[in-house]
file model_24.tsv (TSV, C-alpha atoms)
chain	number	residue	atom	x	y	z
A	1	MET	CA	106.22	150.93	139.65
A	2	THR	CA	103.95	148.36	138.02
A	3	LEU	CA	100.86	149.30	135.99
A	4	LEU	CA	98.65	148.04	138.81
A	5	GLU	CA	100.47	150.20	141.35
A	6	GLU	CA	100.10	153.20	139.03
A	7	ILE	CA	96.38	152.56	138.78
A	8	PHE	CA	96.09	152.39	142.57
A	9	SER	CA	98.12	155.59	142.84
A	10	ILE	CA	95.74	157.37	140.47
A	11	GLY	CA	92.79	156.00	142.44
A	12	GLY	CA	94.18	157.39	145.65
A	13	SER	CA	94.53	160.86	144.15
A	14	LEU	CA	90.92	161.02	143.00
A	15	GLY	CA	89.42	161.93	146.35
A	16	TYR	CA	85.75	161.34	147.15
A	17	ALA	CA	84.71	164.07	144.71
A	18	GLY	CA	86.75	162.40	141.98
A	19	VAL	CA	85.06	159.06	142.66
A	20	LEU	CA	81.66	160.77	142.49
A	21	ILE	CA	82.49	162.48	139.19
A	22	ALA	CA	84.01	159.31	137.68
A	23	THR	CA	80.98	157.18	138.51
A	24	LEU	CA	78.65	159.95	137.34
A	25	ILE	CA	80.33	160.10	133.92
A	26	ILE	CA	80.31	156.32	133.54
A	27	SER	CA	76.61	156.18	134.46
A	28	LEU	CA	75.76	158.73	131.77
A	29	ILE	CA	76.95	156.35	129.06
A	30	VAL	CA	73.86	154.48	127.86
A	31	PHE	CA	73.64	151.16	126.02
A	32	VAL	CA	77.39	150.49	126.29
A	33	PRO	CA	77.95	148.35	129.41
A	34	ILE	CA	80.85	150.11	131.10
A	35	PRO	CA	80.82	149.10	134.79
A	36	TYR	CA	81.69	151.61	137.51
A	37	ILE	CA	82.79	148.93	139.97
A	38	PRO	CA	86.48	149.13	138.87
A	39	VAL	CA	86.48	152.72	140.16
A	40	LEU	CA	85.57	151.37	143.61
A	41	VAL	CA	88.21	148.66	143.31
A	42	ILE	CA	91.01	151.05	142.34
A	43	ALA	CA	90.08	153.64	144.95
A	44	LEU	CA	89.58	151.14	147.77
A	45	LEU	CA	92.84	149.29	147.22
A	46	SER	CA	94.76	152.56	147.24
A	47	GLY	CA	94.18	152.47	151.00
A	48	LYS	CA	93.25	156.17	151.15
A	49	PHE	CA	89.47	155.89	151.45
A	50	ASP	CA	87.02	155.02	154.15
A	51	PRO	CA	84.99	152.12	152.61
A	52	ASN	CA	81.64	153.47	153.79
A	53	LEU	CA	82.27	156.99	152.47
A	54	LEU	CA	83.62	155.52	149.24
A	55	ALA	CA	80.42	153.52	148.77
A	56	LEU	CA	78.35	156.63	149.56
A	57	SER	CA	80.16	158.94	147.12
A	58	SER	CA	79.90	156.33	144.35
A	59	ALA	CA	76.19	155.80	145.06
A	60	ILE	CA	75.58	159.55	144.73
A	61	GLY	CA	77.52	159.70	141.46
A	62	VAL	CA	75.73	156.73	139.92
A	63	THR	CA	72.34	158.02	141.06
A	64	LEU	CA	72.99	161.42	139.47
A	65	GLY	CA	74.00	159.78	136.21
A	66	ARG	CA	71.08	157.35	136.10
A	67	THR	CA	68.64	160.11	137.07
A	68	THR	CA	69.87	162.19	134.13
A	69	VAL	CA	69.10	159.30	131.78
A	70	PHE	CA	65.71	158.85	133.44
A	71	LEU	CA	64.78	162.54	133.13
A	72	ALA	CA	65.88	162.64	129.49
A	73	SER	CA	63.47	159.78	128.80
A	74	TYR	CA	60.80	161.39	131.00
A	75	HIS	CA	60.82	164.64	129.02
A	76	GLY	CA	61.64	162.94	125.73
A	77	ARG	CA	58.27	161.19	125.85
A	78	SER	CA	56.84	164.10	123.87
A	79	LEU	CA	58.90	162.98	120.86
A	80	ILE	CA	57.07	159.64	120.67
A	81	LYS	CA	54.01	159.35	118.44
A	82	LYS	CA	50.70	159.54	120.28
A	83	LYS	CA	49.56	156.27	118.70
A	84	THR	CA	52.61	154.50	120.13
A	85	LEU	CA	52.04	156.01	123.58
A	86	THR	CA	48.42	154.86	123.52
A	87	ARG	CA	49.56	151.35	122.67
A	88	MET	CA	52.00	151.48	125.60
A	89	THR	CA	49.42	152.70	128.15
A	90	PRO	CA	49.02	149.29	129.89
A	91	LEU	CA	52.80	149.09	130.27
A	92	GLN	CA	52.83	152.63	131.65
A	93	LEU	CA	50.21	151.78	134.29
A	94	LEU	CA	51.96	148.54	135.22
A	95	LEU	CA	55.28	150.34	135.74
A	96	ALA	CA	53.54	153.10	137.67
A	97	ARG	CA	52.38	150.53	140.20
A	98	TYR	CA	55.43	148.26	140.39
A	99	GLY	CA	58.15	150.63	139.18
A	100	SER	CA	59.58	151.24	142.67
A	101	LEU	CA	60.34	147.56	143.15
A	102	GLY	CA	61.75	147.26	139.63
A	103	SER	CA	63.91	150.37	140.03
A	104	PHE	CA	65.31	149.10	143.33
A	105	VAL	CA	66.08	145.65	141.93
A	106	ALA	CA	67.74	147.18	138.86
A	107	ALA	CA	69.86	149.37	141.13
A	108	LEU	CA	71.06	146.30	143.00
A	109	THR	CA	72.73	145.08	139.83
A	110	PRO	CA	76.34	146.31	140.02
A	111	PHE	CA	76.98	145.78	136.32
A	112	PRO	CA	75.04	147.30	133.40
A	113	PRO	CA	72.99	147.39	131.30
A	114	ASP	CA	69.85	148.58	133.07
A	115	ASP	CA	69.34	151.39	130.56
A	116	ILE	CA	66.30	149.83	128.89
A	117	PHE	CA	64.37	149.66	132.18
A	118	ILE	CA	65.34	153.20	133.16
A	119	ILE	CA	64.21	154.52	129.78
A	120	LEU	CA	60.90	152.68	130.06
A	121	LEU	CA	60.32	154.14	133.52
A	122	GLY	CA	60.99	157.61	132.14
A	123	ILE	CA	58.71	157.16	129.15
A	124	SER	CA	56.03	155.79	131.48
A	125	LYS	CA	56.17	158.97	133.60
A	126	PHE	CA	57.22	157.11	136.73
A	127	THR	CA	57.45	159.43	139.74
A	128	PRO	CA	60.96	161.02	139.61
A	129	TRP	CA	61.55	161.22	143.37
A	130	LYS	CA	60.69	157.53	143.77
A	131	PHE	CA	63.20	156.67	141.07
A	132	ILE	CA	65.90	158.74	142.77
A	133	VAL	CA	65.28	157.22	146.22
A	134	THR	CA	65.11	153.59	145.06
A	135	THR	CA	68.15	153.99	142.81
A	136	PHE	CA	70.25	155.66	145.51
A	137	PHE	CA	69.53	153.09	148.21
A	138	GLY	CA	69.92	150.20	145.78
A	139	LYS	CA	73.33	151.46	144.65
A	140	LEU	CA	74.39	152.25	148.22
A	141	ILE	CA	73.61	148.69	149.31
A	142	VAL	CA	75.45	147.08	146.40
A	143	ASN	CA	78.44	149.42	146.80
A	144	LEU	CA	78.74	148.61	150.49
A	145	ALA	CA	78.59	144.92	149.64
A	146	VAL	CA	81.30	145.31	147.00
A	147	VAL	CA	83.76	147.28	149.14
A	148	TRP	CA	83.41	145.01	152.16
A	149	ILE	CA	83.68	141.85	150.07
A	150	LEU	CA	86.84	143.29	148.56
A	151	LEU	CA	88.20	144.03	152.02
A	152	ILE	CA	87.54	140.44	153.07
A	153	TRP	CA	88.74	138.68	149.90
A	154	GLY	CA	91.46	141.19	149.05
A	155	MET	CA	93.74	141.43	146.03
A	156	PRO	CA	92.88	138.20	144.10
A	157	LEU	CA	89.25	139.21	143.61
A	158	ALA	CA	90.22	142.80	142.78
A	159	LEU	CA	92.68	141.62	140.12
A	160	GLN	CA	90.07	139.36	138.59
A	161	ILE	CA	87.59	142.25	138.31
A	162	LEU	CA	90.17	144.65	136.86
A	163	ASN	CA	91.51	142.12	134.35
A	164	ARG	CA	88.04	141.28	133.06
A	165	THR	CA	86.81	144.85	132.81
A	166	SER	CA	90.00	146.13	131.15
A	167	ASP	CA	90.17	143.49	128.38
A	168	PRO	CA	89.50	145.48	125.15
A	169	VAL	CA	88.30	142.43	123.20
A	170	TYR	CA	85.85	141.51	125.95
A	171	LEU	CA	84.59	145.10	126.23
A	172	ALA	CA	84.17	145.45	122.45
A	173	LEU	CA	82.25	142.18	122.23
A	174	VAL	CA	79.98	143.02	125.16
A	175	ALA	CA	79.38	146.55	123.85
A	176	THR	CA	78.41	145.26	120.39
A	177	VAL	CA	76.02	142.68	121.81
A	178	SER	CA	74.55	145.17	124.29
A	179	VAL	CA	73.92	147.94	121.75
A	180	SER	CA	72.33	145.50	119.32
A	181	LEU	CA	70.15	143.93	122.00
A	182	VAL	CA	68.98	147.23	123.49
A	183	SER	CA	68.24	148.69	120.04
A	184	CYS	CA	66.10	145.68	119.20
A	185	LEU	CA	64.33	145.83	122.55
A	186	LEU	CA	63.53	149.52	122.17
A	187	TYR	CA	62.17	148.91	118.69
A	188	PHE	CA	59.91	146.07	119.78
A	189	MET	CA	58.84	147.89	122.94
A	190	THR	CA	57.25	150.59	120.78
A	191	ARG	CA	55.72	148.09	118.33
A	192	LEU	CA	54.23	145.41	120.58
A	193	ASP	CA	50.52	145.28	121.38
A	194	TRP	CA	50.75	145.86	125.13
A	195	VAL	CA	46.97	145.83	125.47
A	196	SER	CA	46.94	142.14	124.54
A	197	ILE	CA	50.19	141.18	126.26
A	198	ILE	CA	49.65	142.87	129.64
A	199	GLY	CA	45.86	143.06	129.62
A	200	LYS	CA	45.46	139.28	129.87
A	201	ARG	CA	47.33	139.07	133.16
A	202	PHE	CA	46.64	142.54	134.52
A	203	PRO	CA	43.09	143.45	133.38
A	204	TRP	CA	43.10	146.60	135.52
A	205	THR	CA	45.59	148.18	133.08
A	206	LEU	CA	43.00	148.08	130.30
A	207	GLY	CA	40.98	150.84	131.90
A	208	GLY	CA	43.86	153.30	131.71
A	209	HIS	CA	43.91	154.36	128.10
A	210	GLY	CA	43.28	157.85	129.32
A	211	ALA	CA	46.52	157.86	131.24
A	212	ASP	CA	48.02	160.39	128.90
A	213	ASP	CA	45.34	162.84	129.99
A	214	ASN	CA	47.07	162.89	133.37
A	215	GLU	CA	50.42	164.02	131.98
A	216	SER	CA	49.65	167.56	133.02
A	217	ASN	CA	50.10	166.28	136.57
A	218	GLY	CA	53.64	165.20	135.68
A	219	GLU	CA	53.21	161.47	136.43
A	220	ALA	CA	50.95	158.46	136.13
A	221	LYS	CA	48.77	157.99	139.16
A	222	ILE	CA	49.36	154.94	141.29
call {"tool": "encode", "arguments": {"input": "model_24.tsv", "output": "structure tokens"}}
result
Amino acid sequence: MTLLEEIFSIGGSLGYAGVLIATLIISLIVFVPIPYIPVLVIALLSGKFDPNLLALSSAIGVTLGRTTVFLASYHGRSLIKKKTLTRMTPLQLLLARYGSLGSFVAALTPFPPDDIFIILLGISKFTPWKFIVTTFFGKLIVNLAVVWILLIWGMPLALQILNRTSDPVYLALVATVSVSLVSCLLYFMTRLDWVSIIGKRFPWTLGGHGADDNESNGEAKI
């Protein structure tokens, strides 16, 4: 039995619950761009899964993982200095209004990293149920697209995905670049003058410096 056949055999033994758990665990890993798509590839090509149910179970797993990251940022907001939060108020109000669209678009991206946007949504007190709904449907759509494209194009495309995502040199390089980039972005996100940057194009965000007073309601008002 070849290595590829062994991988497919393992994929077939996962079951839908195994696919859900695998994609959940992968989605909990922040900043390091480990894609969950190979799980779909391995499971689908084992021939033991209904493609629609496979896409659904993976979408649930990814949504649970991403929601955990979102909620950690949502409640971790209290650890950020009040001065920094005040400076980020225009960004918070902008995300409160357009966060649903951004969350859905981010979910449509089958490969990471989207961690920085999810963390910003959490810090900005974006409505949790809206994040869950937009993330779930975004991931469901992209998963359905992936499994049906694989069914149409077959083994060549699957091998290309697996070879790329299993190359240790490629993964190490991408992980190093991703961690460095996200760390820099997070640093500058908390240091930039969002009043000047966002206020020029979205003047309505300048009237929301009292947004933190609404935190007792659990979210920024839209």
call {"tool": "residues_around", "arguments": {"input": "model_24.tsv", "residues": "stretch 15-18 of chain A", "least_positions_apart": "5", "cutoff": "12 Å", "atoms": "only C-alpha atoms", "output": "MDAnalysis selection string"}}
result
chainID A and resid 9:10 23:25 39:40 42:44 46:61
call {"tool": "residues_around", "arguments": {"input": "model_24.tsv", "residues": "A:Gly102", "least_positions_apart": "6", "cutoff": "12 Å", "atoms": "only C-alpha atoms", "output": "list of chain:residue names"}}
result
A:Leu94, A:Leu95, A:Ala96, A:Leu108, A:Thr109, A:Asp114, A:Ile116, A:Phe117, A:Ile118, A:Leu120, A:Leu121, A:Phe126, A:Lys130, A:Phe131, A:Thr134, A:Thr135, A:Gly138
call {"tool": "atom_distance", "arguments": {"input": "model_24.tsv", "atom1": "atom CA of A:Thr176", "atom2": "atom CA of A:Ile119"}}
result
19.4 Å
call {"tool": "atom_distance", "arguments": {"input": "model_24.tsv", "atom1": "atom CA of A:Ile198", "atom2": "atom CA of A:Leu91"}}
result
7.0 Å
call {"tool": "atom_distance", "arguments": {"input": "model_24.tsv", "atom1": "atom CA of A:Lys82", "atom2": "atom CA of A:Arg191"}}
result
12.7 Å
call {"tool": "closest_residue", "arguments": {"input": "model_24.tsv", "among": "A:Leu14, A:Ala145, A:Leu28, A:Leu101", "to": "A:Val69", "atoms": "only C-alpha atoms"}}
result
A:Leu28
call {"tool": "residues_around", "arguments": {"input": "model_24.tsv", "residues": "A:Pro203", "least_positions_apart": "6", "cutoff": "12 Å", "atoms": "all atoms listed in the file", "output": "PyMOL selection string"}}
result
chain A and resi 90-91+93-94+194-197
call {"tool": "write_last_selection", "arguments": {"input": "model_24.tsv", "atoms": "C-alpha atoms", "output": "PDB file, in the frame of the given file"}}
result
ATOM      1  CA  PRO A  90      49.020 149.290 129.890  1.00  0.00           C
ATOM      2  CA  LEU A  91      52.800 149.090 130.270  1.00  0.00           C
ATOM      3  CA  LEU A  93      50.210 151.780 134.290  1.00  0.00           C
ATOM      4  CA  LEU A  94      51.960 148.540 135.220  1.00  0.00           C
ATOM      5  CA  TRP A 194      50.750 145.860 125.130  1.00  0.00           C
ATOM      6  CA  VAL A 195      46.970 145.830 125.470  1.00  0.00           C
ATOM      7  CA  SER A 196      46.940 142.140 124.540  1.00  0.00           C
ATOM      8  CA  ILE A 197      50.190 141.180 126.260  1.00  0.00           C
TER       9      ILE A 197
END
